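Chemist: Mind having a look at this structure? Questions to follow.
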Amino acid sequence: MSGAGGSADTDLRIAVTGAGGRMGREVIEAAADREGVVVAVAVNRTATDPVAGVPVADAGDLGELLASEDPDVLVDFTGPESAVAYAEACADAGVPLVTGTTGFAESQIDSVRAASEAVPVLKASNFARGVAALRRAVREAAAALPGYDVELTETHHNAKRDAPSGTAKSILDDVEAVREDLDERVHGREGDAPRSPGEVGVHARRAGDVTGEHEVLLAGNRETLELTHRAGDRGVFAEGALDAAAWLAGRDPGWYGFGDVLDAGGTE
């Protein structure tokens, strides 16, 4: 049997945190539709009705549930503080962790990374395969166009808390890795603000129910190049997270990224 509910011995058994949130629900619903995946544990910090037929327990009981249910991997899309606690619970229980949570402070990232000494941890700012392709294209374009100005614009729904998005920050890291002349991120402009050497313009927009858009503009030598990704539905991120979960289960402790999944050819 696949999806929510009972399982066969060969099914991937996952735990899902933030089950009452936007992405938690998407992951559970995607798992219910995917052959060979079972949601063994679902938790939320506030009382939540079942999602796609899966009962949702209190997040405070996660440690006990991981010990009793022994899932193959935990999938997390919550907030930085919660994700740190869930990473520690995974390390204690020996459960691999896939997290798409963004907005971490540096000390919080260090805490999540510490869990990778005990269990495999895969962290990604975005689980869309198209975004992975965009990042690779941006690195190649930025390296091939030395001296060109670079601007990044991202747009998300009006409830997104962190700005710029985690994906935007990853793209900026990519640009700066291949363009040593770009070392200053300028967030928006106002008043007398001519462009300075070494600057990358960063613009975050929050409006309506936009799932996610990222656009990189490179301009110089009387030409422009625009590279854009638009996500039409959050399901694309949930599907990518399940691909990552299937790939990560059973691996050695360590720190992994979504690119590792794609380089390996998808799922295993």
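Ligands are numbered from 1 in the order shown, residues from 1 within each chain, and chains are lettered A, B, ... in the order they appear in the structure tokens.
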Fewer than 6 positions away in the same chain doesn't count, so skip those; otherwise give me all residues within 10 Å of stretch 161-175 of chain A, counting only C-alpha atoms, as a ChimeraX atom specification.

Modeler: /A:79,100-104,124-127,131-132,134-136,138-143,150-155,182-183,185,187,200-206,212-216

Chemist: What's the 10 Å shell around A:Ala245, counting only C-alpha atoms, without same-chain residues fewer than 5 positions away, as a PyMOL selection string?

Modeler: chain A and resi 12-14+37+72-75+96-99+121-122+239-240+250+261+267-268

Chemist: For the selection you just gave me, I'd like the residues written to a file as a PDB file, in the first residue's frame, keeping C-alpha atoms.

Modeler:
```pdb
ATOM      1  CA  LEU A  12       9.702   4.882   2.452  1.00  0.00           C
ATOM      2  CA  ARG A  13       8.358   5.903   5.850  1.00  0.00           C
ATOM      3  CA  ILE A  14       8.617   9.629   6.473  1.00  0.00           C
ATOM      4  CA  VAL A  37       5.779   6.534   0.412  1.00  0.00           C
ATOM      5  CA  ASP A  72      13.328   6.472   7.470  1.00  0.00           C
ATOM      6  CA  VAL A  73      13.639  10.260   7.194  1.00  0.00           C
ATOM      7  CA  LEU A  74      12.050  13.448   8.522  1.00  0.00           C
ATOM      8  CA  VAL A  75      10.951  16.270   6.188  1.00  0.00           C
ATOM      9  CA  PRO A  96      17.942  11.451   8.636  1.00  0.00           C
ATOM     10  CA  LEU A  97      16.698  15.011   8.086  1.00  0.00           C
ATOM     11  CA  VAL A  98      15.583  16.880   4.969  1.00  0.00           C
ATOM     12  CA  THR A  99      14.892  20.545   5.654  1.00  0.00           C
ATOM     13  CA  VAL A 121      21.179  16.099   6.856  1.00  0.00           C
ATOM     14  CA  LEU A 122      20.081  17.569   3.534  1.00  0.00           C
ATOM     15  CA  GLU A 239       7.778  16.586  -4.827  1.00  0.00           C
ATOM     16  CA  GLY A 240      11.421  17.659  -4.766  1.00  0.00           C
ATOM     17  CA  GLY A 250      20.127   5.136   4.559  1.00  0.00           C
ATOM     18  CA  VAL A 261      20.195  14.409  -5.465  1.00  0.00           C
ATOM     19  CA  THR A 267      15.809   9.257  -6.553  1.00  0.00           C
ATOM     20  CA  GLU A 268      17.068   5.870  -5.445  1.00  0.00           C
TER      21      GLU A 268
END
```

Chemist: Stretch 17-166 of chain A: which residues are strand (DSSP E) by DSSP, as a list in words?

Modeler: Val37, Val38, Val39, Ala40, Val41, Ala42, Val43, Asn44, Ala57, Asp58, Val73, Leu74, Val75, Asp76, Leu97, Val98, Thr99, Pro120, Val121, Leu122, Lys123, Asp149, Val150, Glu151, Leu152, Thr153, Glu154, Thr155 and His156 of chain A

Chemist: Mind listing the helix (DSSP H, G or I) residues of stretch 78-181 of chain A, per DSSP on the backbone, as a PyMOL selection string?

Modeler: chain A and resi 80-93+106-115+129-144+166-178

Chemist: Output N, CA and C atoms of each residue in that selection to a file, as a short mmCIF file (atom, residue, chain, number, x, y, z; two decimals), in the first residue's frame.

Modeler:
```cif
data_model
loop_
_atom_site.label_atom_id
_atom_site.label_comp_id
_atom_site.auth_asym_id
_atom_site.auth_seq_id
_atom_site.Cartn_x
_atom_site.Cartn_y
_atom_site.Cartn_z
N PRO A 80 13.10 28.68 11.65
CA PRO A 80 14.46 28.40 12.12
C PRO A 80 14.54 27.80 13.51
N GLU A 81 13.83 28.38 14.47
CA GLU A 81 13.89 27.88 15.85
C GLU A 81 13.36 26.45 15.94
N SER A 82 12.23 26.20 15.28
CA SER A 82 11.65 24.86 15.29
C SER A 82 12.58 23.87 14.60
N ALA A 83 13.13 24.27 13.46
CA ALA A 83 13.98 23.36 12.70
C ALA A 83 15.21 22.94 13.49
N VAL A 84 15.77 23.86 14.27
CA VAL A 84 16.92 23.51 15.11
C VAL A 84 16.53 22.43 16.11
N ALA A 85 15.37 22.60 16.76
CA ALA A 85 14.90 21.60 17.72
C ALA A 85 14.64 20.26 17.04
N TYR A 86 14.07 20.29 15.84
CA TYR A 86 13.77 19.05 15.13
C TYR A 86 15.06 18.36 14.68
N ALA A 87 16.07 19.15 14.31
CA ALA A 87 17.35 18.57 13.92
C ALA A 87 17.99 17.85 15.10
N GLU A 88 17.89 18.45 16.28
CA GLU A 88 18.44 17.81 17.48
C GLU A 88 17.69 16.52 17.79
N ALA A 89 16.37 16.53 17.60
CA ALA A 89 15.57 15.33 17.84
C ALA A 89 15.96 14.22 16.86
N CYS A 90 16.20 14.60 15.61
CA CYS A 90 16.62 13.61 14.61
C CYS A 90 17.98 13.01 14.97
N ALA A 91 18.90 13.86 15.41
CA ALA A 91 20.22 13.37 15.79
C ALA A 91 20.12 12.39 16.95
N ASP A 92 19.28 12.70 17.91
CA ASP A 92 19.11 11.84 19.08
C ASP A 92 18.48 10.50 18.69
N ALA A 93 17.54 10.53 17.71
CA ALA A 93 16.81 9.32 17.34
C ALA A 93 17.45 8.56 16.19
N GLU A 106 23.20 32.57 11.59
CA GLU A 106 24.40 31.75 11.43
C GLU A 106 24.54 30.73 12.55
N SER A 107 24.23 31.13 13.79
CA SER A 107 24.34 30.20 14.91
C SER A 107 23.34 29.05 14.78
N GLN A 108 22.17 29.34 14.21
CA GLN A 108 21.16 28.29 14.02
C GLN A 108 21.60 27.30 12.95
N ILE A 109 22.19 27.81 11.89
CA ILE A 109 22.72 26.91 10.86
C ILE A 109 23.78 26.00 11.46
N ASP A 110 24.62 26.56 12.32
CA ASP A 110 25.65 25.75 12.97
C ASP A 110 25.02 24.62 13.78
N SER A 111 23.89 24.92 14.43
CA SER A 111 23.21 23.90 15.23
C SER A 111 22.64 22.79 14.36
N VAL A 112 22.05 23.18 13.22
CA VAL A 112 21.53 22.17 12.30
C VAL A 112 22.67 21.34 11.72
N ARG A 113 23.76 22.02 11.37
CA ARG A 113 24.91 21.31 10.81
C ARG A 113 25.50 20.32 11.82
N ALA A 114 25.42 20.67 13.10
CA ALA A 114 25.95 19.77 14.13
C ALA A 114 25.24 18.42 14.10
N ALA A 115 23.95 18.44 13.74
CA ALA A 115 23.20 17.18 13.68
C ALA A 115 23.76 16.26 12.60
N ARG A 129 13.42 21.50 -9.21
CA ARG A 129 14.51 21.13 -10.12
C ARG A 129 14.85 22.29 -11.05
N GLY A 130 13.83 23.09 -11.41
CA GLY A 130 14.09 24.23 -12.27
C GLY A 130 14.97 25.27 -11.62
N VAL A 131 14.84 25.44 -10.30
CA VAL A 131 15.69 26.38 -9.58
C VAL A 131 17.13 25.88 -9.56
N ALA A 132 17.30 24.58 -9.40
CA ALA A 132 18.66 24.02 -9.47
C ALA A 132 19.29 24.30 -10.83
N ALA A 133 18.48 24.16 -11.89
CA ALA A 133 18.98 24.47 -13.23
C ALA A 133 19.26 25.96 -13.38
N LEU A 134 18.39 26.79 -12.80
CA LEU A 134 18.60 28.24 -12.84
C LEU A 134 19.92 28.60 -12.18
N ARG A 135 20.19 28.04 -11.02
CA ARG A 135 21.42 28.38 -10.30
C ARG A 135 22.65 28.00 -11.14
N ARG A 136 22.60 26.86 -11.79
CA ARG A 136 23.74 26.46 -12.62
C ARG A 136 23.89 27.40 -13.81
N ALA A 137 22.76 27.81 -14.39
CA ALA A 137 22.81 28.73 -15.53
C ALA A 137 23.34 30.10 -15.10
N VAL A 138 22.95 30.55 -13.90
CA VAL A 138 23.42 31.84 -13.40
C VAL A 138 24.92 31.81 -13.18
N ARG A 139 25.42 30.74 -12.59
CA ARG A 139 26.87 30.64 -12.37
C ARG A 139 27.62 30.71 -13.69
N GLU A 140 27.12 29.99 -14.68
CA GLU A 140 27.79 29.98 -15.98
C GLU A 140 27.72 31.35 -16.65
N ALA A 141 26.54 31.98 -16.59
CA ALA A 141 26.38 33.28 -17.23
C ALA A 141 27.21 34.36 -16.55
N ALA A 142 27.20 34.37 -15.22
CA ALA A 142 27.95 35.39 -14.50
C ALA A 142 29.45 35.27 -14.76
N ALA A 143 29.93 34.03 -14.87
CA ALA A 143 31.35 33.83 -15.16
C ALA A 143 31.69 34.22 -16.59
N ALA A 144 30.74 34.02 -17.51
CA ALA A 144 30.98 34.29 -18.93
C ALA A 144 30.83 35.77 -19.28
N GLY A 166 15.50 32.57 0.90
CA GLY A 166 16.66 31.70 0.98
C GLY A 166 17.21 31.35 -0.38
N THR A 167 16.31 31.16 -1.34
CA THR A 167 16.75 30.87 -2.71
C THR A 167 17.52 32.04 -3.29
N ALA A 168 17.03 33.26 -3.06
CA ALA A 168 17.73 34.45 -3.55
C ALA A 168 19.13 34.53 -2.96
N LYS A 169 19.26 34.25 -1.68
CA LYS A 169 20.57 34.29 -1.05
C LYS A 169 21.51 33.24 -1.65
N SER A 170 20.96 32.07 -1.97
CA SER A 170 21.78 31.03 -2.59
C SER A 170 22.26 31.46 -3.97
N ILE A 171 21.37 32.12 -4.72
CA ILE A 171 21.76 32.62 -6.05
C ILE A 171 22.83 33.69 -5.93
N LEU A 172 22.68 34.57 -4.95
CA LEU A 172 23.69 35.61 -4.72
C LEU A 172 25.04 34.98 -4.36
N ASP A 173 25.01 33.94 -3.54
CA ASP A 173 26.25 33.23 -3.22
C ASP A 173 26.88 32.67 -4.49
N ASP A 174 26.05 32.15 -5.39
CA ASP A 174 26.55 31.59 -6.65
C ASP A 174 27.24 32.67 -7.48
N VAL A 175 26.60 33.83 -7.57
CA VAL A 175 27.16 34.93 -8.36
C VAL A 175 28.49 35.38 -7.77
N GLU A 176 28.53 35.57 -6.47
CA GLU A 176 29.74 36.07 -5.83
C GLU A 176 30.88 35.05 -5.89
N ALA A 177 30.53 33.76 -6.01
CA ALA A 177 31.56 32.72 -6.09
C ALA A 177 32.33 32.78 -7.40
N VAL A 178 31.68 33.28 -8.47
CA VAL A 178 32.35 33.32 -9.78
C VAL A 178 32.70 34.74 -10.22
#
```

Chemist: Please, what distance in Å, to one decimal, runs between atom CA of A:Asp243 and atom CA of A:Gly63?

Modeler: 24.2 Å
